[in-house]
>>> print(open('protein_6.cif').read())   # mmCIF, N, CA and C atoms and all ligand atoms
data_work
#
loop_
_atom_site.label_atom_id
_atom_site.label_comp_id
_atom_site.auth_asym_id
_atom_site.auth_seq_id
_atom_site.Cartn_x
_atom_site.Cartn_y
_atom_site.Cartn_z
N MET W 1 -3.21 106.26 207.39
CA MET W 1 -2.16 105.83 206.44
C MET W 1 -1.63 104.45 206.84
N ASP W 2 -1.62 103.51 205.92
CA ASP W 2 -1.20 102.16 206.30
C ASP W 2 0.33 102.04 206.39
N ARG W 3 0.74 100.88 206.80
CA ARG W 3 2.16 100.67 207.10
C ARG W 3 3.07 100.87 205.90
N SER W 4 2.64 100.35 204.74
CA SER W 4 3.51 100.47 203.57
C SER W 4 3.66 101.92 203.13
N LYS W 5 2.62 102.72 203.37
CA LYS W 5 2.73 104.13 203.00
C LYS W 5 3.66 104.88 203.96
N ASN W 6 3.60 104.50 205.22
CA ASN W 6 4.56 105.05 206.18
C ASN W 6 5.98 104.67 205.81
N GLN W 7 6.13 103.43 205.41
CA GLN W 7 7.44 102.93 205.00
C GLN W 7 7.93 103.71 203.78
N LEU W 8 7.02 103.96 202.85
CA LEU W 8 7.36 104.74 201.66
C LEU W 8 7.81 106.14 202.05
N ARG W 9 7.04 106.76 202.93
CA ARG W 9 7.39 108.12 203.37
C ARG W 9 8.78 108.16 203.99
N GLN W 10 9.06 107.20 204.87
CA GLN W 10 10.38 107.17 205.53
C GLN W 10 11.49 106.94 204.53
N HIS W 11 11.24 106.00 203.61
CA HIS W 11 12.22 105.67 202.58
C HIS W 11 12.56 106.90 201.75
N MET W 12 11.54 107.66 201.39
CA MET W 12 11.75 108.84 200.56
C MET W 12 12.42 109.97 201.33
N GLN W 13 12.00 110.12 202.60
CA GLN W 13 12.60 111.19 203.40
C GLN W 13 14.08 110.96 203.63
N LYS W 14 14.43 109.68 203.83
CA LYS W 14 15.83 109.35 204.02
C LYS W 14 16.66 109.75 202.81
N ALA W 15 16.05 109.65 201.63
CA ALA W 15 16.75 110.00 200.39
C ALA W 15 16.56 111.48 200.05
N GLY W 16 15.91 112.21 200.94
CA GLY W 16 15.76 113.66 200.75
C GLY W 16 14.60 114.08 199.87
N HIS W 17 13.58 113.20 199.78
CA HIS W 17 12.41 113.54 198.97
C HIS W 17 11.16 113.50 199.82
N SER W 18 10.20 114.33 199.47
CA SER W 18 8.95 114.28 200.24
C SER W 18 7.91 113.46 199.49
N LEU W 19 6.98 112.97 200.27
CA LEU W 19 5.93 112.15 199.67
C LEU W 19 4.76 113.07 199.30
N THR W 20 4.76 113.50 198.07
CA THR W 20 3.71 114.40 197.60
C THR W 20 2.46 113.59 197.23
N LYS W 21 1.37 114.30 197.03
CA LYS W 21 0.12 113.63 196.65
C LYS W 21 0.25 112.81 195.37
N PRO W 22 0.81 113.39 194.30
CA PRO W 22 0.95 112.59 193.07
C PRO W 22 1.81 111.34 193.28
N ARG W 23 2.87 111.47 194.05
CA ARG W 23 3.74 110.31 194.31
C ARG W 23 2.98 109.23 195.07
N LEU W 24 2.20 109.66 196.03
CA LEU W 24 1.41 108.71 196.80
C LEU W 24 0.37 108.02 195.90
N ALA W 25 -0.22 108.78 195.00
CA ALA W 25 -1.24 108.22 194.09
C ALA W 25 -0.62 107.18 193.16
N VAL W 26 0.58 107.46 192.65
CA VAL W 26 1.26 106.51 191.76
C VAL W 26 1.59 105.23 192.53
N PHE W 27 2.06 105.40 193.74
CA PHE W 27 2.38 104.25 194.58
C PHE W 27 1.13 103.41 194.83
N ALA W 28 0.03 104.09 195.19
CA ALA W 28 -1.22 103.39 195.47
C ALA W 28 -1.71 102.62 194.24
N ALA W 29 -1.49 103.18 193.06
CA ALA W 29 -1.95 102.53 191.83
C ALA W 29 -1.14 101.26 191.52
N LEU W 30 0.05 101.17 192.11
CA LEU W 30 0.90 99.99 191.87
C LEU W 30 0.75 98.93 192.96
N GLN W 31 0.15 99.35 194.06
CA GLN W 31 0.06 98.46 195.22
C GLN W 31 -0.93 97.33 194.99
N ASP W 32 -0.53 96.12 195.35
CA ASP W 32 -1.38 94.93 195.22
C ASP W 32 -1.95 94.77 193.82
N GLN W 33 -1.17 95.06 192.83
CA GLN W 33 -1.60 94.94 191.44
C GLN W 33 -0.65 94.04 190.69
N GLU W 34 -1.14 93.54 189.59
CA GLU W 34 -0.23 92.87 188.65
C GLU W 34 0.70 93.94 188.09
N PRO W 35 1.87 93.54 187.57
CA PRO W 35 2.73 94.52 186.93
C PRO W 35 1.95 95.28 185.84
N GLN W 36 2.19 96.56 185.78
CA GLN W 36 1.40 97.39 184.87
C GLN W 36 2.25 98.08 183.83
N THR W 37 1.64 98.31 182.67
CA THR W 37 2.31 99.12 181.66
C THR W 37 2.18 100.59 182.08
N MET W 38 3.05 101.42 181.54
CA MET W 38 2.99 102.85 181.82
C MET W 38 1.62 103.39 181.40
N ARG W 39 1.13 102.88 180.31
CA ARG W 39 -0.15 103.32 179.79
C ARG W 39 -1.29 103.05 180.77
N ARG W 40 -1.29 101.87 181.36
CA ARG W 40 -2.34 101.53 182.32
C ARG W 40 -2.20 102.35 183.60
N LEU W 41 -0.96 102.58 183.95
CA LEU W 41 -0.69 103.37 185.15
C LEU W 41 -1.20 104.81 184.97
N ILE W 42 -0.97 105.35 183.78
CA ILE W 42 -1.44 106.70 183.48
C ILE W 42 -2.98 106.74 183.54
N ALA W 43 -3.61 105.68 183.01
CA ALA W 43 -5.06 105.60 183.04
C ALA W 43 -5.59 105.46 184.47
N ALA W 44 -4.78 104.83 185.33
CA ALA W 44 -5.20 104.62 186.71
C ALA W 44 -5.06 105.87 187.56
N CYS W 45 -4.32 106.85 187.06
CA CYS W 45 -4.11 108.10 187.81
C CYS W 45 -4.59 109.29 186.97
N PRO W 46 -5.89 109.40 186.74
CA PRO W 46 -6.40 110.43 185.83
C PRO W 46 -6.16 111.86 186.31
N SER W 47 -6.00 112.03 187.63
CA SER W 47 -5.86 113.40 188.14
C SER W 47 -4.42 113.91 188.05
N ILE W 48 -3.49 113.05 187.64
CA ILE W 48 -2.09 113.46 187.60
C ILE W 48 -1.63 113.55 186.16
N ASP W 49 -0.88 114.61 185.86
CA ASP W 49 -0.46 114.73 184.47
C ASP W 49 0.66 113.73 184.16
N ARG W 50 0.66 113.35 182.91
CA ARG W 50 1.54 112.33 182.37
C ARG W 50 3.01 112.57 182.73
N ALA W 51 3.45 113.80 182.57
CA ALA W 51 4.87 114.11 182.82
C ALA W 51 5.24 113.83 184.27
N SER W 52 4.35 114.15 185.20
CA SER W 52 4.74 113.91 186.59
C SER W 52 4.66 112.42 186.93
N ILE W 53 3.83 111.66 186.23
CA ILE W 53 3.85 110.21 186.44
C ILE W 53 5.19 109.64 185.97
N TYR W 54 5.64 110.08 184.82
CA TYR W 54 6.96 109.62 184.31
C TYR W 54 8.08 110.01 185.27
N ARG W 55 8.01 111.24 185.76
CA ARG W 55 9.06 111.69 186.71
C ARG W 55 9.02 110.88 188.00
N THR W 56 7.79 110.62 188.47
CA THR W 56 7.65 109.86 189.71
C THR W 56 8.20 108.44 189.55
N ILE W 57 7.88 107.81 188.42
CA ILE W 57 8.37 106.46 188.18
C ILE W 57 9.90 106.45 188.10
N ALA W 58 10.45 107.44 187.42
CA ALA W 58 11.92 107.53 187.32
C ALA W 58 12.53 107.65 188.72
N LEU W 59 11.93 108.47 189.55
CA LEU W 59 12.43 108.65 190.92
C LEU W 59 12.26 107.35 191.73
N PHE W 60 11.10 106.73 191.61
CA PHE W 60 10.86 105.47 192.32
C PHE W 60 11.85 104.39 191.90
N GLU W 61 12.18 104.37 190.63
CA GLU W 61 13.16 103.38 190.16
C GLU W 61 14.52 103.66 190.77
N LYS W 62 14.89 104.92 190.81
CA LYS W 62 16.18 105.31 191.37
C LYS W 62 16.26 104.96 192.85
N LEU W 63 15.15 105.10 193.54
CA LEU W 63 15.13 104.85 194.98
C LEU W 63 14.83 103.40 195.34
N GLY W 64 14.70 102.55 194.32
CA GLY W 64 14.46 101.13 194.61
C GLY W 64 13.04 100.83 195.11
N ILE W 65 12.10 101.65 194.70
CA ILE W 65 10.71 101.43 195.11
C ILE W 65 9.97 100.68 194.02
N VAL W 66 10.34 100.97 192.78
CA VAL W 66 9.70 100.36 191.62
C VAL W 66 10.75 99.69 190.76
N GLN W 67 10.38 98.58 190.15
CA GLN W 67 11.29 97.93 189.20
C GLN W 67 10.58 97.64 187.89
N ARG W 68 11.36 97.52 186.85
CA ARG W 68 10.84 97.20 185.52
C ARG W 68 10.93 95.73 185.26
N LEU W 69 9.93 95.21 184.62
CA LEU W 69 10.02 93.86 184.09
C LEU W 69 10.12 94.04 182.59
N GLN W 70 11.24 93.61 182.04
CA GLN W 70 11.44 93.77 180.61
C GLN W 70 10.74 92.61 179.89
N ILE W 71 9.84 92.93 178.98
CA ILE W 71 9.14 91.89 178.22
C ILE W 71 9.38 92.21 176.75
N GLY W 72 10.37 91.52 176.15
CA GLY W 72 10.79 91.88 174.81
C GLY W 72 11.32 93.30 174.85
N TRP W 73 10.80 94.18 174.02
CA TRP W 73 11.26 95.57 174.04
C TRP W 73 10.33 96.45 174.87
N LYS W 74 9.30 95.85 175.42
CA LYS W 74 8.39 96.61 176.27
C LYS W 74 8.72 96.33 177.74
N TYR W 75 8.09 97.07 178.62
CA TYR W 75 8.29 96.78 180.03
C TYR W 75 7.03 97.04 180.82
N LYS W 76 6.96 96.41 181.97
CA LYS W 76 5.89 96.67 182.92
C LYS W 76 6.53 97.10 184.23
N LEU W 77 5.73 97.71 185.06
CA LEU W 77 6.24 98.25 186.32
C LEU W 77 5.58 97.59 187.51
N GLU W 78 6.36 97.36 188.54
CA GLU W 78 5.78 96.85 189.78
C GLU W 78 6.63 97.34 190.95
N LEU W 79 6.07 97.19 192.15
CA LEU W 79 6.81 97.56 193.34
C LEU W 79 7.90 96.52 193.59
N THR W 80 9.01 96.95 194.15
CA THR W 80 10.10 96.02 194.47
C THR W 80 9.73 95.18 195.71
N ASP W 81 10.55 94.22 196.00
CA ASP W 81 10.31 93.34 197.16
C ASP W 81 10.18 94.10 198.48
N SER W 82 10.85 95.24 198.58
CA SER W 82 10.78 96.01 199.83
C SER W 82 9.36 96.52 200.09
N PHE W 83 8.59 96.64 199.01
CA PHE W 83 7.25 97.21 199.16
C PHE W 83 6.14 96.26 198.75
N SER W 84 6.50 95.04 198.46
CA SER W 84 5.47 94.04 198.14
C SER W 84 6.00 92.69 198.57
N ARG W 85 5.16 91.69 198.51
CA ARG W 85 5.59 90.37 198.94
C ARG W 85 6.51 89.78 197.87
N HIS W 86 7.57 89.13 198.29
CA HIS W 86 8.52 88.54 197.36
C HIS W 86 7.84 87.48 196.48
N HIS W 87 8.06 87.57 195.20
CA HIS W 87 7.42 86.63 194.28
C HIS W 87 8.20 86.63 192.96
N HIS W 88 7.83 85.74 192.08
CA HIS W 88 8.48 85.68 190.77
C HIS W 88 7.45 85.65 189.66
N HIS W 89 7.92 85.67 188.43
CA HIS W 89 6.98 85.79 187.30
C HIS W 89 7.23 84.79 186.19
N LEU W 90 6.12 84.42 185.59
CA LEU W 90 6.16 83.73 184.30
C LEU W 90 5.65 84.77 183.30
N THR W 91 6.43 85.09 182.31
CA THR W 91 6.03 86.13 181.38
C THR W 91 5.78 85.56 179.99
N CYS W 92 4.62 85.88 179.42
CA CYS W 92 4.30 85.40 178.08
C CYS W 92 4.91 86.34 177.04
N LEU W 93 5.73 85.78 176.17
CA LEU W 93 6.44 86.59 175.18
C LEU W 93 5.52 87.06 174.07
N LYS W 94 4.35 86.42 173.97
CA LYS W 94 3.45 86.79 172.89
C LYS W 94 2.43 87.86 173.32
N CYS W 95 1.69 87.60 174.37
CA CYS W 95 0.65 88.56 174.77
C CYS W 95 1.08 89.46 175.93
N GLY W 96 2.23 89.16 176.53
CA GLY W 96 2.74 90.02 177.59
C GLY W 96 2.12 89.75 178.95
N ARG W 97 1.28 88.73 179.04
CA ARG W 97 0.67 88.40 180.32
C ARG W 97 1.76 88.04 181.33
N VAL W 98 1.59 88.46 182.57
CA VAL W 98 2.56 88.15 183.62
C VAL W 98 1.85 87.39 184.72
N ILE W 99 2.31 86.19 184.98
CA ILE W 99 1.72 85.37 186.05
C ILE W 99 2.69 85.36 187.21
N ALA W 100 2.23 85.77 188.37
CA ALA W 100 3.10 85.81 189.55
C ALA W 100 3.04 84.48 190.28
N PHE W 101 4.15 84.06 190.84
CA PHE W 101 4.12 82.86 191.68
C PHE W 101 5.06 83.00 192.87
N ASP W 102 4.68 82.33 193.94
CA ASP W 102 5.55 82.28 195.12
C ASP W 102 6.51 81.13 194.95
N GLU W 103 7.69 81.26 195.50
CA GLU W 103 8.64 80.16 195.33
C GLU W 103 8.45 79.12 196.43
N SER W 104 8.84 77.92 196.12
CA SER W 104 8.75 76.84 197.10
C SER W 104 9.99 76.85 197.98
N THR W 105 9.92 76.17 199.12
CA THR W 105 11.10 76.08 199.98
C THR W 105 12.20 75.30 199.27
N GLU W 106 11.82 74.36 198.40
CA GLU W 106 12.82 73.61 197.63
C GLU W 106 13.60 74.55 196.72
N LEU W 107 12.88 75.46 196.09
CA LEU W 107 13.54 76.40 195.19
C LEU W 107 14.52 77.29 195.96
N ILE W 108 14.11 77.76 197.11
CA ILE W 108 15.01 78.59 197.94
C ILE W 108 16.26 77.80 198.32
N LYS W 109 16.04 76.54 198.73
CA LYS W 109 17.18 75.68 199.09
C LYS W 109 18.14 75.55 197.93
N GLU W 110 17.58 75.34 196.76
CA GLU W 110 18.38 75.17 195.56
C GLU W 110 19.21 76.44 195.27
N LEU W 111 18.57 77.59 195.39
CA LEU W 111 19.28 78.85 195.15
C LEU W 111 20.42 79.03 196.15
N ARG W 112 20.14 78.67 197.40
CA ARG W 112 21.18 78.79 198.44
C ARG W 112 22.33 77.84 198.16
N TRP W 113 21.98 76.65 197.68
CA TRP W 113 23.01 75.68 197.37
C TRP W 113 23.90 76.19 196.26
N VAL W 114 23.29 76.71 195.20
CA VAL W 114 24.05 77.25 194.06
C VAL W 114 24.98 78.36 194.54
N ALA W 115 24.45 79.24 195.39
CA ALA W 115 25.26 80.36 195.89
C ALA W 115 26.44 79.83 196.72
N ALA W 116 26.13 78.95 197.66
CA ALA W 116 27.17 78.41 198.54
C ALA W 116 28.24 77.70 197.71
N HIS W 117 27.79 76.96 196.73
CA HIS W 117 28.69 76.21 195.86
C HIS W 117 29.67 77.15 195.15
N ASN W 118 29.23 78.35 194.88
CA ASN W 118 30.08 79.34 194.21
C ASN W 118 30.67 80.36 195.19
N ARG W 119 30.62 80.03 196.48
CA ARG W 119 31.10 80.93 197.53
C ARG W 119 30.54 82.33 197.36
N PHE W 120 29.26 82.36 197.13
CA PHE W 120 28.58 83.60 196.82
C PHE W 120 27.58 83.92 197.91
N LYS W 121 27.56 85.18 198.33
CA LYS W 121 26.57 85.56 199.34
C LYS W 121 25.41 86.27 198.66
N ILE W 122 24.23 85.70 198.79
CA ILE W 122 23.04 86.27 198.13
C ILE W 122 22.54 87.48 198.92
N ARG W 123 22.31 88.56 198.21
CA ARG W 123 21.67 89.74 198.82
C ARG W 123 20.18 89.74 198.47
N SER W 124 19.90 89.47 197.22
CA SER W 124 18.52 89.39 196.76
C SER W 124 18.53 88.59 195.47
N HIS W 125 17.38 88.24 194.99
CA HIS W 125 17.35 87.56 193.70
C HIS W 125 16.05 87.82 192.99
N GLN W 126 16.09 87.70 191.69
CA GLN W 126 14.91 87.79 190.85
C GLN W 126 14.96 86.62 189.90
N LEU W 127 13.82 86.15 189.55
CA LEU W 127 13.77 84.99 188.68
C LEU W 127 12.73 85.29 187.62
N GLU W 128 13.13 85.30 186.36
CA GLU W 128 12.17 85.58 185.30
C GLU W 128 12.08 84.37 184.39
N ILE W 129 10.89 83.88 184.21
CA ILE W 129 10.69 82.76 183.32
C ILE W 129 9.88 83.24 182.13
N GLN W 130 10.44 83.07 180.95
CA GLN W 130 9.76 83.56 179.76
C GLN W 130 9.31 82.41 178.88
N GLY W 131 8.18 82.58 178.27
CA GLY W 131 7.64 81.52 177.42
C GLY W 131 6.29 81.92 176.86
N LEU W 132 5.43 80.92 176.67
CA LEU W 132 4.11 81.18 176.12
C LEU W 132 3.05 80.74 177.11
N CYS W 133 2.05 81.59 177.32
CA CYS W 133 0.98 81.25 178.25
C CYS W 133 0.02 80.25 177.62
N GLU W 134 -0.91 79.78 178.40
CA GLU W 134 -1.83 78.73 177.94
C GLU W 134 -2.56 79.12 176.66
N SER W 135 -3.11 80.34 176.62
CA SER W 135 -3.87 80.71 175.42
C SER W 135 -2.98 80.93 174.21
N CYS W 136 -1.77 81.42 174.42
CA CYS W 136 -0.88 81.66 173.28
C CYS W 136 -0.26 80.37 172.75
N ARG W 137 -0.27 79.35 173.56
CA ARG W 137 0.28 78.06 173.11
C ARG W 137 -0.62 77.39 172.10
N LYS W 138 -1.91 77.77 172.14
CA LYS W 138 -2.91 77.06 171.32
C LYS W 138 -2.78 77.29 169.83
N ASP W 139 -2.39 78.53 169.45
CA ASP W 139 -2.34 78.77 167.98
C ASP W 139 -0.95 78.64 167.40
ZN ZN W 201 12.50 84.31 195.17
ZN ZN W 202 0.14 84.77 176.11
#
>>> encode(input="protein_6.cif", output="structure tokens")
Amino acid sequence: MDRSKNQLRQHMQKAGHSLTKPRLAVFAALQDQEPQTMRRLIAACPSIDRASIYRTIALFEKLGIVQRLQIGWKYKLELTDSFSRHHHHLTCLKCGRVIAFDESTELIKELRWVAAHNRFKIRSHQLEIQGLCESCRKD
């Protein structure tokens, strides 16, 4: 079992939940992946019934393991920063494509400056950029 799965197990145990096989499978399907729709996630876990995938995602959201990316009225799911490398997204409003990017040190400096300027202590941050991707810009 790799480190992130151990981390998941500890995180869940602390909250009073056990790491069952279906939960582990849902986690594995989200690991090192682009944000996924519920539909794709269900397809990626054929051995688990739909209802328990929904329940697992709801639990993961509550425990801060999974987060939603809202894209218009739809959403995609991904692991939170605690379980994946910190990154941000460019989201296409037309086709729903999500492009991940790492932030530059300049961007971090800027965020810290804004926080300090407002006497604000940053705990975490998310940055969502919405627009049109290269292929959707063409038509
Ligand atoms: Zn960031
Ligand atoms: Zn697009």
>>> residues_around(input="protein_6.cif", residues="Gln126 in chain W", least_positions_apart="5", cutoff="8 Å", atoms="all atoms listed in the file", output="PyMOL selection string")
chain W and resi 87-89
>>> atom_distance(input="protein_6.cif", atom1="CA of Lys62 in chain W", atom2="CA of Ile42 in chain W")
19.4 Å
>>> residues_near_ligand(input="protein_6.cif", ligand="ligand ZN 202 (chain W)", cutoff="6.5 Å", atoms="all atoms listed in the file", output="list in words")
Cys92, Leu93, Lys94, Cys95, Gly96, Arg97, Leu132, Cys133, Glu134, Ser135, Cys136 and Arg137 of chain W
>>> residues_near_ligand(input="protein_6.cif", ligand="ligand ZN 201 (chain W)", cutoff="8 Å", atoms="all atoms listed in the file", output="tab-separated table (two decimals) with N, CA and C atoms, in the frame of the given file")
chain	number	residue	atom	x	y	z
W	86	HIS	N	7.57	89.13	198.29
W	86	HIS	CA	8.52	88.54	197.36
W	86	HIS	C	7.84	87.48	196.48
W	87	HIS	N	8.06	87.57	195.20
W	87	HIS	CA	7.42	86.63	194.28
W	87	HIS	C	8.20	86.63	192.96
W	88	HIS	N	7.83	85.74	192.08
W	88	HIS	CA	8.48	85.68	190.77
W	88	HIS	C	7.45	85.65	189.66
W	101	PHE	N	4.15	84.06	190.84
W	101	PHE	CA	4.12	82.86	191.68
W	101	PHE	C	5.06	83.00	192.87
W	102	ASP	N	4.68	82.33	193.94
W	102	ASP	CA	5.55	82.28	195.12
W	102	ASP	C	6.51	81.13	194.95
W	103	GLU	N	7.69	81.26	195.50
W	103	GLU	CA	8.64	80.16	195.33
W	103	GLU	C	8.45	79.12	196.43
W	104	SER	N	8.84	77.92	196.12
W	104	SER	CA	8.75	76.84	197.10
W	104	SER	C	9.99	76.85	197.98
W	107	LEU	N	12.88	75.46	196.09
W	107	LEU	CA	13.54	76.40	195.19
W	107	LEU	C	14.52	77.29	195.96
W	108	ILE	N	14.11	77.76	197.11
W	108	ILE	CA	15.01	78.59	197.94
W	108	ILE	C	16.26	77.80	198.32
W	124	SER	N	19.90	89.47	197.22
W	124	SER	CA	18.52	89.39	196.76
W	124	SER	C	18.53	88.59	195.47
W	125	HIS	N	17.38	88.24	194.99
W	125	HIS	CA	17.35	87.56	193.70
W	125	HIS	C	16.05	87.82	192.99
W	126	GLN	N	16.09	87.70	191.69
W	126	GLN	CA	14.91	87.79	190.85
W	126	GLN	C	14.96	86.62	189.90
W	127	LEU	N	13.82	86.15	189.55
W	127	LEU	CA	13.77	84.99	188.68
W	127	LEU	C	12.73	85.29	187.62
>>> residues_around(input="protein_6.cif", residues="range 44-58 of chain W", least_positions_apart="4", cutoff="7 Å", atoms="only C-alpha atoms", output="MDAnalysis selection string")
chainID W and resid 22:23 25:26 29 40 62
>>> atom_distance(input="protein_6.cif", atom1="CA of Asp2 in chain W", atom2="CA of Phe60 in chain W")
18.8 Å
>>> decode(input="protein_6.cif", residues="range 30-55 of chain W", atoms="N, CA and C atoms", output="mmCIF file, in the first residue's frame")
data_model
loop_
_atom_site.group_PDB
_atom_site.id
_atom_site.type_symbol
_atom_site.label_atom_id
_atom_site.label_comp_id
_atom_site.auth_asym_id
_atom_site.auth_seq_id
_atom_site.Cartn_x
_atom_site.Cartn_y
_atom_site.Cartn_z
ATOM 1 N N LEU W 30 -9.519 8.154 -8.653
ATOM 2 C CA LEU W 30 -9.348 9.614 -8.710
ATOM 3 C C LEU W 30 -7.879 10.034 -8.655
ATOM 4 N N GLN W 31 -7.042 9.091 -8.263
ATOM 5 C CA GLN W 31 -5.633 9.409 -8.050
ATOM 6 C C GLN W 31 -4.902 9.648 -9.366
ATOM 7 N N ASP W 32 -4.101 10.704 -9.403
ATOM 8 C CA ASP W 32 -3.308 11.052 -10.592
ATOM 9 C C ASP W 32 -4.143 11.125 -11.857
ATOM 10 N N GLN W 33 -5.325 11.652 -11.747
ATOM 11 C CA GLN W 33 -6.219 11.782 -12.894
ATOM 12 C C GLN W 33 -6.633 13.226 -13.052
ATOM 13 N N GLU W 34 -7.088 13.534 -14.238
ATOM 14 C CA GLU W 34 -7.755 14.821 -14.429
ATOM 15 C C GLU W 34 -9.057 14.771 -13.640
ATOM 16 N N PRO W 35 -9.616 15.938 -13.291
ATOM 17 C CA PRO W 35 -10.914 15.924 -12.626
ATOM 18 C C PRO W 35 -11.930 15.125 -13.463
ATOM 19 N N GLN W 36 -12.734 14.356 -12.780
ATOM 20 C CA GLN W 36 -13.640 13.453 -13.481
ATOM 21 C C GLN W 36 -15.094 13.740 -13.188
ATOM 22 N N THR W 37 -15.935 13.452 -14.168
ATOM 23 C CA THR W 37 -17.372 13.530 -13.928
ATOM 24 C C THR W 37 -17.775 12.274 -13.146
ATOM 25 N N MET W 38 -18.916 12.358 -12.486
ATOM 26 C CA MET W 38 -19.433 11.216 -11.742
ATOM 27 C C MET W 38 -19.616 10.036 -12.702
ATOM 28 N N ARG W 39 -20.054 10.348 -13.890
ATOM 29 C CA ARG W 39 -20.298 9.320 -14.885
ATOM 30 C C ARG W 39 -19.019 8.548 -15.239
ATOM 31 N N ARG W 40 -17.927 9.279 -15.412
ATOM 32 C CA ARG W 40 -16.663 8.628 -15.746
ATOM 33 C C ARG W 40 -16.137 7.819 -14.565
ATOM 34 N N LEU W 41 -16.371 8.371 -13.397
ATOM 35 C CA LEU W 41 -15.934 7.685 -12.184
ATOM 36 C C LEU W 41 -16.674 6.355 -12.020
ATOM 37 N N ILE W 42 -17.966 6.385 -12.296
ATOM 38 C CA ILE W 42 -18.772 5.162 -12.212
ATOM 39 C C ILE W 42 -18.262 4.135 -13.232
ATOM 40 N N ALA W 43 -17.921 4.627 -14.433
ATOM 41 C CA ALA W 43 -17.399 3.734 -15.464
ATOM 42 C C ALA W 43 -16.032 3.167 -15.080
ATOM 43 N N ALA W 44 -15.278 3.954 -14.297
ATOM 44 C CA ALA W 44 -13.939 3.511 -13.895
ATOM 45 C C ALA W 44 -13.980 2.491 -12.761
ATOM 46 N N CYS W 45 -15.127 2.368 -12.114
ATOM 47 C CA CYS W 45 -15.266 1.419 -10.999
ATOM 48 C C CYS W 45 -16.403 0.435 -11.290
ATOM 49 N N PRO W 46 -16.236 -0.427 -12.284
ATOM 50 C CA PRO W 46 -17.341 -1.287 -12.706
ATOM 51 C C PRO W 46 -17.794 -2.294 -11.649
ATOM 52 N N SER W 47 -16.891 -2.616 -10.707
ATOM 53 C CA SER W 47 -17.258 -3.645 -9.725
ATOM 54 C C SER W 47 -18.050 -3.068 -8.544
ATOM 55 N N ILE W 48 -18.215 -1.750 -8.511
ATOM 56 C CA ILE W 48 -18.898 -1.129 -7.375
ATOM 57 C C ILE W 48 -20.230 -0.569 -7.831
ATOM 58 N N ASP W 49 -21.259 -0.787 -7.030
ATOM 59 C CA ASP W 49 -22.555 -0.274 -7.473
ATOM 60 C C ASP W 49 -22.619 1.238 -7.303
ATOM 61 N N ARG W 50 -23.406 1.806 -8.187
ATOM 62 C CA ARG W 50 -23.565 3.244 -8.315
ATOM 63 C C ARG W 50 -23.870 3.936 -6.983
ATOM 64 N N ALA W 51 -24.788 3.362 -6.233
ATOM 65 C CA ALA W 51 -25.195 3.992 -4.968
ATOM 66 C C ALA W 51 -24.026 4.096 -4.000
ATOM 67 N N SER W 52 -23.184 3.072 -3.960
ATOM 68 C CA SER W 52 -22.081 3.176 -2.998
ATOM 69 C C SER W 52 -21.001 4.124 -3.504
ATOM 70 N N ILE W 53 -20.891 4.311 -4.807
ATOM 71 C CA ILE W 53 -19.960 5.336 -5.308
ATOM 72 C C ILE W 53 -20.458 6.720 -4.890
ATOM 73 N N TYR W 54 -21.736 6.960 -5.040
ATOM 74 C CA TYR W 54 -22.305 8.257 -4.614
ATOM 75 C C TYR W 54 -22.103 8.477 -3.115
ATOM 76 N N ARG W 55 -22.355 7.423 -2.348
ATOM 77 C CA ARG W 55 -22.176 7.547 -0.886
ATOM 78 C C ARG W 55 -20.717 7.810 -0.527
#
